[in-house]
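Below is query_19.cif, holding mmCIF, C-alpha atoms.
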data_entry
loop_
_atom_site.group_PDB
_atom_site.id
_atom_site.type_symbol
_atom_site.label_atom_id
_atom_site.label_comp_id
_atom_site.auth_asym_id
_atom_site.auth_seq_id
_atom_site.Cartn_x
_atom_site.Cartn_y
_atom_site.Cartn_z
ATOM 1 C CA MET A 1 -16.975 -3.193 -12.237
ATOM 2 C CA LEU A 2 -18.481 -0.072 -10.787
ATOM 3 C CA ARG A 3 -16.328 3.022 -11.223
ATOM 4 C CA SER A 4 -16.597 6.326 -9.454
ATOM 5 C CA ALA A 5 -14.438 9.425 -9.398
ATOM 6 C CA ILE A 6 -13.441 10.631 -5.936
ATOM 7 C CA ALA A 7 -10.905 13.312 -6.779
ATOM 8 C CA PRO A 8 -9.091 14.445 -9.917
ATOM 9 C CA GLY A 9 -7.146 11.435 -11.163
ATOM 10 C CA LEU A 10 -8.548 9.065 -8.531
ATOM 11 C CA GLN A 11 -11.138 6.462 -9.330
ATOM 12 C CA THR A 12 -12.401 3.480 -7.394
ATOM 13 C CA GLU A 13 -13.574 0.231 -8.823
ATOM 14 C CA LEU A 14 -15.713 -2.275 -6.984
ATOM 15 C CA THR A 15 -14.943 -5.722 -8.356
ATOM 16 C CA ARG A 16 -17.439 -8.567 -8.501
ATOM 17 C CA ALA A 17 -15.759 -10.050 -5.440
ATOM 18 C CA GLY A 18 -16.456 -6.820 -3.571
ATOM 19 C CA ALA A 19 -12.817 -5.705 -3.377
ATOM 20 C CA LEU A 20 -12.270 -1.966 -3.525
ATOM 21 C CA VAL A 21 -9.498 -1.055 -5.958
ATOM 22 C CA TYR A 22 -8.069 2.455 -6.271
ATOM 23 C CA CYS A 23 -6.693 3.503 -9.662
ATOM 24 C CA VAL A 24 -4.726 6.716 -9.925
ATOM 25 C CA THR A 25 -3.502 8.087 -13.225
ATOM 26 C CA MET A 26 -0.199 9.932 -12.774
ATOM 27 C CA THR A 27 0.710 10.299 -16.396
ATOM 28 C CA PRO A 28 -1.204 9.461 -19.559
ATOM 29 C CA LYS A 29 0.567 6.077 -19.772
ATOM 30 C CA SER A 30 0.849 5.001 -16.132
ATOM 31 C CA VAL A 31 -1.708 3.964 -13.576
ATOM 32 C CA TRP A 32 -1.248 3.094 -9.929
ATOM 33 C CA GLN A 33 -3.574 0.327 -8.836
ATOM 34 C CA LEU A 34 -4.122 -0.375 -5.167
ATOM 35 C CA ASP A 35 -6.265 -3.223 -3.910
ATOM 36 C CA MET A 36 -7.090 -2.696 -0.252
ATOM 37 C CA ASP A 37 -7.461 -6.480 0.159
ATOM 38 C CA ALA A 38 -4.239 -7.508 -1.602
ATOM 39 C CA GLY A 39 -1.632 -7.096 1.103
ATOM 40 C CA PRO A 40 0.414 -4.198 2.409
ATOM 41 C CA ILE A 41 -0.214 -0.970 0.517
ATOM 42 C CA PHE A 42 3.443 0.088 0.719
ATOM 43 C CA LEU A 43 4.448 -3.094 -1.136
ATOM 44 C CA GLN A 44 1.794 -2.430 -3.781
ATOM 45 C CA ILE A 45 3.154 1.095 -4.288
ATOM 46 C CA ALA A 46 6.733 -0.232 -4.539
ATOM 47 C CA SER A 47 5.587 -2.896 -7.021
ATOM 48 C CA GLY A 48 3.805 -0.220 -9.044
ATOM 49 C CA VAL A 49 7.005 1.809 -9.354
ATOM 50 C CA ARG A 50 8.937 -1.302 -10.409
ATOM 51 C CA ARG A 51 6.235 -2.220 -12.939
ATOM 52 C CA MET A 52 6.194 1.307 -14.443
ATOM 53 C CA LEU A 53 9.985 1.242 -14.685
ATOM 54 C CA ALA A 54 9.973 -2.196 -16.329
ATOM 55 C CA ARG A 55 7.295 -1.069 -18.830
ATOM 56 C CA GLY A 56 9.146 2.133 -19.649
ATOM 57 C CA ASP A 57 6.524 4.443 -18.107
ATOM 58 C CA LEU A 58 9.280 5.644 -15.770
ATOM 59 C CA ALA A 59 12.845 6.159 -16.919
ATOM 60 C CA PRO A 60 16.152 6.276 -15.062
ATOM 61 C CA GLY A 61 16.698 9.803 -13.790
ATOM 62 C CA GLN A 62 12.990 10.646 -13.800
ATOM 63 C CA ARG A 63 11.597 12.479 -10.785
ATOM 64 C CA LEU A 64 8.844 10.793 -8.769
ATOM 65 C CA PRO A 65 6.008 12.707 -7.116
ATOM 66 C CA SER A 66 6.668 13.898 -3.576
ATOM 67 C CA THR A 67 5.537 11.555 -0.829
ATOM 68 C CA ARG A 68 2.808 14.017 0.157
ATOM 69 C CA ASP A 69 1.538 14.440 -3.394
ATOM 70 C CA LEU A 70 1.513 10.710 -4.095
ATOM 71 C CA ALA A 71 -0.150 9.960 -0.753
ATOM 72 C CA ALA A 72 -2.842 12.529 -1.526
ATOM 73 C CA GLU A 73 -3.388 11.071 -5.009
ATOM 74 C CA LEU A 74 -3.626 7.527 -3.654
ATOM 75 C CA GLY A 75 -5.648 8.439 -0.585
ATOM 76 C CA VAL A 76 -3.139 6.847 1.791
ATOM 77 C CA ASN A 77 -1.128 8.034 4.750
ATOM 78 C CA PRO A 78 2.121 9.785 3.710
ATOM 79 C CA ASN A 79 4.038 7.360 5.956
ATOM 80 C CA THR A 80 2.869 4.527 3.688
ATOM 81 C CA VAL A 81 4.522 6.204 0.697
ATOM 82 C CA VAL A 82 7.646 6.923 2.773
ATOM 83 C CA HIS A 83 7.772 3.201 3.629
ATOM 84 C CA ALA A 84 7.378 2.258 -0.058
ATOM 85 C CA PHE A 85 10.097 4.686 -1.117
ATOM 86 C CA ALA A 86 12.410 3.333 1.622
ATOM 87 C CA GLU A 87 11.913 -0.171 0.231
ATOM 88 C CA LEU A 88 12.729 1.061 -3.276
ATOM 89 C CA GLU A 89 15.835 2.875 -2.026
ATOM 90 C CA ARG A 90 16.961 -0.273 -0.198
ATOM 91 C CA THR A 91 16.757 -2.213 -3.473
ATOM 92 C CA HIS A 92 18.603 0.532 -5.428
ATOM 93 C CA VAL A 93 15.644 1.470 -7.630
ATOM 94 C CA ILE A 94 15.253 5.083 -6.474
ATOM 95 C CA GLU A 95 17.284 7.677 -4.608
ATOM 96 C CA THR A 96 16.361 10.770 -2.677
ATOM 97 C CA LYS A 97 18.379 13.898 -3.310
ATOM 98 C CA ARG A 98 18.023 16.276 -0.388
ATOM 99 C CA GLY A 99 16.182 19.401 -1.421
ATOM 100 C CA LEU A 100 15.526 18.120 -4.956
ATOM 101 C CA GLY A 101 13.174 15.163 -4.556
ATOM 102 C CA THR A 102 13.084 11.458 -5.253
ATOM 103 C CA PHE A 103 14.349 10.091 -8.556
ATOM 104 C CA VAL A 104 14.669 6.773 -10.334
ATOM 105 C CA ARG A 105 18.340 5.889 -10.067
ATOM 106 C CA ASP A 106 20.375 6.291 -13.230
ATOM 107 C CA ASP A 107 21.666 2.747 -12.654
ATOM 108 C CA ALA A 108 18.259 1.293 -11.761
ATOM 109 C CA PRO A 109 18.184 -2.435 -12.587
ATOM 110 C CA VAL A 110 15.578 -2.152 -15.351
ATOM 111 C CA ALA A 111 16.591 -5.311 -17.249
ATOM 112 C CA SER A 112 16.693 -7.273 -14.020
ATOM 113 C CA LEU A 113 13.235 -6.002 -13.001
ATOM 114 C CA ARG A 114 11.787 -6.943 -16.390
ATOM 115 C CA GLY A 115 13.347 -10.407 -16.209
ATOM 116 C CA ASP A 116 12.129 -10.987 -12.655
ATOM 117 C CA MET A 117 8.586 -9.942 -13.560
ATOM 118 C CA LEU A 118 8.597 -12.115 -16.668
ATOM 119 C CA ARG A 119 9.802 -15.149 -14.699
ATOM 120 C CA ALA A 120 7.191 -14.531 -11.986
ATOM 121 C CA ALA A 121 4.405 -14.352 -14.591
ATOM 122 C CA ALA A 122 5.754 -17.483 -16.292
ATOM 123 C CA ALA A 123 5.916 -19.348 -12.959
ATOM 124 C CA THR A 124 2.307 -18.418 -12.188
ATOM 125 C CA PHE A 125 1.211 -19.534 -15.649
ATOM 126 C CA ALA A 126 3.230 -22.767 -15.411
ATOM 127 C CA GLY A 127 1.632 -23.582 -12.059
ATOM 128 C CA GLN A 128 -1.835 -23.154 -13.524
ATOM 129 C CA VAL A 129 -0.935 -25.244 -16.583
ATOM 130 C CA ARG A 130 0.399 -28.057 -14.370
ATOM 131 C CA ALA A 131 -2.695 -27.918 -12.164
ATOM 132 C CA LEU A 132 -4.842 -28.376 -15.282
ATOM 133 C CA GLY A 133 -2.659 -31.220 -16.540
ATOM 134 C CA ILE A 134 -2.020 -29.495 -19.870
ATOM 135 C CA PRO A 135 1.115 -30.590 -21.761
ATOM 136 C CA SER A 136 3.847 -27.942 -22.074
ATOM 137 C CA ARG A 137 3.709 -27.921 -25.851
ATOM 138 C CA GLU A 138 -0.023 -27.163 -25.866
ATOM 139 C CA ALA A 139 0.444 -24.422 -23.255
ATOM 140 C CA LEU A 140 3.279 -22.799 -25.218
ATOM 141 C CA GLU A 141 1.192 -22.859 -28.396
ATOM 142 C CA ALA A 142 -1.640 -21.130 -26.508
ATOM 143 C CA VAL A 143 0.747 -18.445 -25.244
ATOM 144 C CA LYS A 144 2.121 -17.853 -28.736
ATOM 145 C CA GLU A 145 -1.419 -17.623 -30.111
ATOM 146 C CA VAL A 146 -2.437 -15.082 -27.471
ATOM 147 C CA LEU A 147 0.717 -12.999 -27.908
ATOM 148 C CA ASP A 148 0.366 -13.012 -31.701
ATOM 149 C CA ALA A 149 -3.308 -11.991 -31.417
ATOM 150 C CA GLY A 150 -2.249 -8.996 -29.295
ATOM 151 C CA ARG A 151 -0.072 -7.680 -32.125
ATOM 152 C CA SER A 152 -2.989 -7.274 -34.520
#
Spit out the file's structure as structure tokens when you get a sec.
Amino acid sequence: MLRSAIAPGLQTELTRAGALVYCVTMTPKSVWQLDMDAGPIFLQIASGVRRMLARGDLAPGQRLPSTRDLAAELGVNPNTVVHAFAELERTHVIETKRGLGTFVRDDAPVASLRGDMLRAAAATFAGQVRALGIPSREALEAVKEVLDAGRS
């Protein structure tokens, strides 16, 4: 991948397939990744918030950047961030407090988000395993081996 810095915190990567991916570091532990060829940007932003919450990079009650600041960091139109935040409010992940900003809800469904993401990853993996005709036992052993190797 080719990387270049455009602005403080903003980098682009050009993948082998030629897709332009924007990576923005908001905090030392969290990174927003936008792929301009991977569907609606507002959904990618909303998914990024959910992913950071599920990983623990964001916590219930934590303040999010303003729509203007996040839009500037990501290099997108502020309305795109507004749309993403509206989607997250609709699903009870965040809330906007007039005059104070946008926050992760104290009752955000963190466990549910983690479970949903785990099941989605498992479904993707299972589909690939089935397509390859690999028995479940062999696939599960491979997963265990990979997970155990990551602990070292």
message: Evaluate the PyMOL selection byres ((chain A and resi 108-122) around 10) against this structure - the residues, as a PyMOL selection string, please.
response: chain A and resi 50-51+53-56+59-61+91-95+104-107+123-128
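Residues surrounding Pro78 in chain A within 12 Å are Ile41, Phe42, Ile45, Pro65, Ser66, Thr67, Arg68, Asp69, Leu70, Ala71, Ala72, Glu73, Leu74, Gly75, Val76, Thr80, Val81, Val82, His83, Ala84 and Phe85 of chain A [only C-alpha atoms; sequence separation below 2 positions excluded].
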- prompt: In Å, how far is it from CA of Gln44 in chain A to CA of Val146 in chain A?
  reply: 27.2 Å
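Atom pair CA of Phe103 in chain A / CA of Asp37 in chain A has a distance of 28.7 Å (rounded to one decimal).
Picture a line from CA of Arg63 in chain A to CA of Gly99 in chain A; it runs 12.5 Å.
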Adding 6 Å on each side of the box along x, y and z that holds all listed atoms of range 107-110 of chain A, could you give its centre and edge lengths in Å to one decimal, as lines of an AutoDock Vina configuration file?
center_x = 18.6
center_y = 0.2
center_z = -13.6
size_x = 18.1
size_y = 17.2
size_z = 15.6
